[in-house]
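Below is one structure; the comments refer to it alone.
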Amino acid sequence: MQVSVENVSTLERRLKIAVPAAQVEQTVNKKINQAARTIKMDGFRVGKVPLNVIKKRYGASIRAEALDDIIRDAYVGALQQTELKVAGYPNIEPISFDEGKDVEFAAVVEVYPEVTLADFAALAVERPTSEVTDADIDTMIANLRRQRAKWEESTEAAAEQDRLTIDFEGSVAGEKFDGGTAQDFNIVIGAKRMIPGFEEQLVGAKAGDELTITVTFPADYQAENLAGKEAQFKINVKKVVKPVLPELDAAFLEAFGIKDGNVEQFRADVRKNMERELKNAIRAKVKASVFDALVNANSLEVPKALVADEINRQRQQAIQQFGGKSAQIKPEMLPDELFKENAQRSVALGLLVSNIIQKNEVQVDAERVRALVDEVAQSYEEPEQVVQWYYSNKEQMAQVQSAVLEDQVVDLILAAAQISDKAVSYEELLRPQQ
């Protein structure tokens, strides 16, 4: 078998492959002999049909089937011979399939890029530092009480966290616009569901009030005809409902597993959970900062085939987030361009991390794997059962091991990178995750 390689572009290679005619005919004849054992034809017993009869009637189809095998095996052999590390499937181009002659074809493939890593010492990484304060615990407990609040209609003025039922009618320069009108619309002041300034101007309103507020749509608002425009909303406040928070009593604490009504134990449990969340948030922020610095410092052309696969993965993930099949979203409704930039970055990052693991011979740390599983398990009522479930589930363990390997790569980079610490509050650090 003859193989030649042509560089089509930075990552594309064109393998020209020639398989000797003798080898081709040997494979075809082998296929014919195999077929002869099972072919049924009138006037002949099974396995007794003459080969010349089989060739006359089935020769073309058998040859086509044999050519598929020849091309597949020749392509695999060519990869072994050239030692190319290909990404994705080949595009096969026929050159000569004439009977009695060498079979010639080309396989156009993409190869993995050569990675030359930038010096880790040149990478700048920002690392957040934070702690859980008593005030943070007070805020968290207030939020927990608010989640279990009862709602009572009120004649008092609306305040932050109150729920209002309103009718509104919006206009820009005196003209109504699509989506700017609603009746019996429920809104919680401070939930930030509306454009900036809308909810804030409802503070102080009472049931029965009619008012007009002025707001400005953000410059990047999704409706281009409204972006950056000033709008007026006529509002009729139909109802003000205020939250009545539960007391921090034994009944409330029991819902969180505190059976003796010990408030200090409850605060300790809340602190423990918050500190675990804080640790995870800091780890995620640092990892993101390290990986951003790594990608930005290493310009890398990535194989289109890998990007296409990643686009499809992200597309399917998006469909699942929309509700899967029940959302009636078809893949073609989400074009490649929606995911292309993130997919390219994801592929580049994966190649860089894999290269670091390989060059530094990083092996997954079994103790860190167990520590991570234990950490996850602690948020469940039966931690030991969760640990056993993880260790009996290969797919879940593979995900944990992958996460630990990434953490080990992050630590490797941090050991050499330029790190600047930035103090942030618990609320600021956790807000994106919430």
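For the structure tokens, the naming scheme is as follows: chains receive sequential letters (A, B, ...) according to their order of presentation, residues are indexed from 1 within each chain, and ligands are indexed from 1 in presentation order.
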Shell around Val125 (chain A) at 10 Å using only C-alpha atoms, local window under 6 positions removed, as a count of residues only: 16
Top pick for closest residue to Ala118 (chain A), considering A:Ile39, A:Ala223, A:Ala297, A:Ile137 and counting only C-alpha atoms: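 Looking at the shortest contact to Ala118 (chain A), the residue is A:Ala297.
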Selected residue, from A:Arg370, A:Lys422, A:Lys304, A:Arg37, that lies nearest to Ala348 (chain A) when counting only C-alpha atoms: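 Closest to Ala348 (chain A), using only C-alpha atoms: A:Lys304.
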Test item: residues at most 7 Å from Arg63 (chain A), only C-alpha atoms, excluding those fewer than 4 positions along its chain, as a VMD selection string: chain A and resid 28 59 67
Test item: residues at most 8 Å from Thr216 (chain A), only C-alpha atoms, excluding those fewer than 6 positions along its chain, as a list in words: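 The contact residues come out as Ile195, Pro196, Gly197, Gly228, Lys229, Glu230 and Ala231 of chain A.
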Nearest residue to Asn33 (chain A) from the set A:Ser379, A:Gln161, A:Asn52, A:Gln321 (distances using only C-alpha atoms):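 That would be A:Asn52, the residue with the smallest distance to Asn33 (chain A).
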Shell around Leu349 (chain A) at 10 Å using only C-alpha atoms, local window under 5 positions removed, as number ranges by chain: A: 291-292, 294-296, 298, 300, 302, 343-344, 354-355
Alpha helix (DSSP H) per DSSP on the backbone: members of region 38-221 of chain A, as a VMD selection string: chain A and resid 51 to 82 134 to 147
Could those residues be written to a file, using N, CA and C atoms, as a compact mmCIF listing (two decimals), in the first residue's frame?
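The resulting file, out-v5.txt, is shown below:
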# COMPACT_ATOMS: atom_id res chain seq x y z
N LEU A 51 -19.24 -20.23 -9.12
CA LEU A 51 -18.70 -18.89 -8.86
C LEU A 51 -18.92 -17.95 -10.04
N ASN A 52 -18.83 -18.47 -11.29
CA ASN A 52 -19.01 -17.59 -12.44
C ASN A 52 -20.45 -17.07 -12.51
N VAL A 53 -21.41 -17.89 -12.05
CA VAL A 53 -22.81 -17.46 -12.02
C VAL A 53 -23.00 -16.37 -10.95
N ILE A 54 -22.38 -16.60 -9.80
CA ILE A 54 -22.47 -15.60 -8.72
C ILE A 54 -21.84 -14.28 -9.15
N LYS A 55 -20.67 -14.37 -9.80
CA LYS A 55 -20.00 -13.14 -10.26
C LYS A 55 -20.85 -12.38 -11.26
N LYS A 56 -21.51 -13.13 -12.15
CA LYS A 56 -22.32 -12.48 -13.18
C LYS A 56 -23.51 -11.74 -12.57
N ARG A 57 -24.17 -12.39 -11.58
CA ARG A 57 -25.38 -11.79 -11.02
C ARG A 57 -25.09 -10.83 -9.86
N TYR A 58 -24.12 -11.16 -9.01
CA TYR A 58 -23.90 -10.37 -7.78
C TYR A 58 -22.52 -9.72 -7.72
N GLY A 59 -21.75 -9.88 -8.77
CA GLY A 59 -20.37 -9.40 -8.73
C GLY A 59 -20.24 -7.93 -8.40
N ALA A 60 -21.09 -7.07 -9.01
CA ALA A 60 -20.98 -5.62 -8.80
C ALA A 60 -21.25 -5.24 -7.35
N SER A 61 -22.31 -5.80 -6.77
CA SER A 61 -22.66 -5.46 -5.39
C SER A 61 -21.63 -6.00 -4.41
N ILE A 62 -21.13 -7.24 -4.70
CA ILE A 62 -20.11 -7.80 -3.81
C ILE A 62 -18.83 -6.97 -3.89
N ARG A 63 -18.46 -6.52 -5.07
CA ARG A 63 -17.27 -5.71 -5.23
C ARG A 63 -17.42 -4.39 -4.48
N ALA A 64 -18.63 -3.79 -4.57
CA ALA A 64 -18.86 -2.52 -3.86
C ALA A 64 -18.71 -2.72 -2.36
N GLU A 65 -19.22 -3.83 -1.85
CA GLU A 65 -19.09 -4.13 -0.42
C GLU A 65 -17.63 -4.36 -0.05
N ALA A 66 -16.91 -5.03 -0.92
CA ALA A 66 -15.49 -5.28 -0.67
C ALA A 66 -14.70 -3.97 -0.67
N LEU A 67 -15.05 -3.06 -1.58
CA LEU A 67 -14.36 -1.77 -1.65
C LEU A 67 -14.54 -0.98 -0.35
N ASP A 68 -15.73 -1.07 0.25
CA ASP A 68 -15.94 -0.40 1.54
C ASP A 68 -14.95 -0.90 2.58
N ASP A 69 -14.78 -2.22 2.63
CA ASP A 69 -13.84 -2.81 3.58
C ASP A 69 -12.40 -2.41 3.25
N ILE A 70 -12.08 -2.41 1.97
CA ILE A 70 -10.72 -2.07 1.53
C ILE A 70 -10.38 -0.63 1.92
N ILE A 71 -11.32 0.29 1.66
CA ILE A 71 -11.09 1.70 1.97
C ILE A 71 -10.93 1.89 3.47
N ARG A 72 -11.81 1.24 4.24
CA ARG A 72 -11.73 1.37 5.70
C ARG A 72 -10.40 0.86 6.22
N ASP A 73 -10.03 -0.35 5.82
CA ASP A 73 -8.79 -0.94 6.33
C ASP A 73 -7.56 -0.17 5.85
N ALA A 74 -7.61 0.30 4.60
CA ALA A 74 -6.47 1.06 4.06
C ALA A 74 -6.31 2.38 4.79
N TYR A 75 -7.44 3.01 5.11
CA TYR A 75 -7.37 4.29 5.83
C TYR A 75 -6.76 4.09 7.21
N VAL A 76 -7.22 3.06 7.93
CA VAL A 76 -6.68 2.78 9.26
C VAL A 76 -5.18 2.48 9.16
N GLY A 77 -4.79 1.69 8.15
CA GLY A 77 -3.37 1.37 7.95
C GLY A 77 -2.56 2.61 7.62
N ALA A 78 -3.15 3.54 6.84
CA ALA A 78 -2.44 4.77 6.49
C ALA A 78 -2.20 5.64 7.72
N LEU A 79 -3.17 5.68 8.63
CA LEU A 79 -2.99 6.45 9.87
C LEU A 79 -1.86 5.86 10.70
N GLN A 80 -1.82 4.54 10.77
CA GLN A 80 -0.74 3.89 11.54
C GLN A 80 0.61 4.14 10.88
N GLN A 81 0.63 4.12 9.56
CA GLN A 81 1.88 4.30 8.82
C GLN A 81 2.39 5.74 8.96
N THR A 82 1.50 6.71 8.89
CA THR A 82 1.90 8.12 8.94
C THR A 82 1.95 8.68 10.36
N ASP A 134 -21.21 37.28 60.57
CA ASP A 134 -22.49 37.15 61.28
C ASP A 134 -23.60 37.86 60.51
N ALA A 135 -23.27 38.98 59.88
CA ALA A 135 -24.27 39.71 59.09
C ALA A 135 -24.73 38.87 57.90
N ASP A 136 -23.81 38.11 57.28
CA ASP A 136 -24.18 37.22 56.17
C ASP A 136 -25.15 36.14 56.65
N ILE A 137 -24.89 35.63 57.86
CA ILE A 137 -25.78 34.60 58.41
C ILE A 137 -27.16 35.19 58.69
N ASP A 138 -27.18 36.40 59.23
CA ASP A 138 -28.46 37.07 59.48
C ASP A 138 -29.25 37.23 58.18
N THR A 139 -28.55 37.63 57.12
CA THR A 139 -29.21 37.80 55.81
C THR A 139 -29.74 36.48 55.29
N MET A 140 -28.94 35.41 55.42
CA MET A 140 -29.37 34.10 54.95
C MET A 140 -30.60 33.62 55.71
N ILE A 141 -30.59 33.79 57.04
CA ILE A 141 -31.74 33.36 57.84
C ILE A 141 -32.98 34.17 57.47
N ALA A 142 -32.79 35.46 57.21
CA ALA A 142 -33.91 36.30 56.77
C ALA A 142 -34.47 35.79 55.44
N ASN A 143 -33.59 35.37 54.54
CA ASN A 143 -34.03 34.83 53.26
C ASN A 143 -34.80 33.52 53.45
N LEU A 144 -34.31 32.67 54.38
CA LEU A 144 -35.00 31.41 54.66
C LEU A 144 -36.38 31.67 55.23
N ARG A 145 -36.49 32.66 56.10
CA ARG A 145 -37.80 33.03 56.66
C ARG A 145 -38.71 33.58 55.56
N ARG A 146 -38.11 34.37 54.68
CA ARG A 146 -38.90 34.98 53.59
C ARG A 146 -39.45 33.91 52.64
N GLN A 147 -38.66 32.86 52.43
CA GLN A 147 -39.12 31.78 51.56
C GLN A 147 -40.34 31.06 52.12
Residue nearest Met274 (chain A) - candidates A:Glu126, A:Glu114, A:Glu224, A:Glu427, atoms counted: only C-alpha atoms: A:Glu427
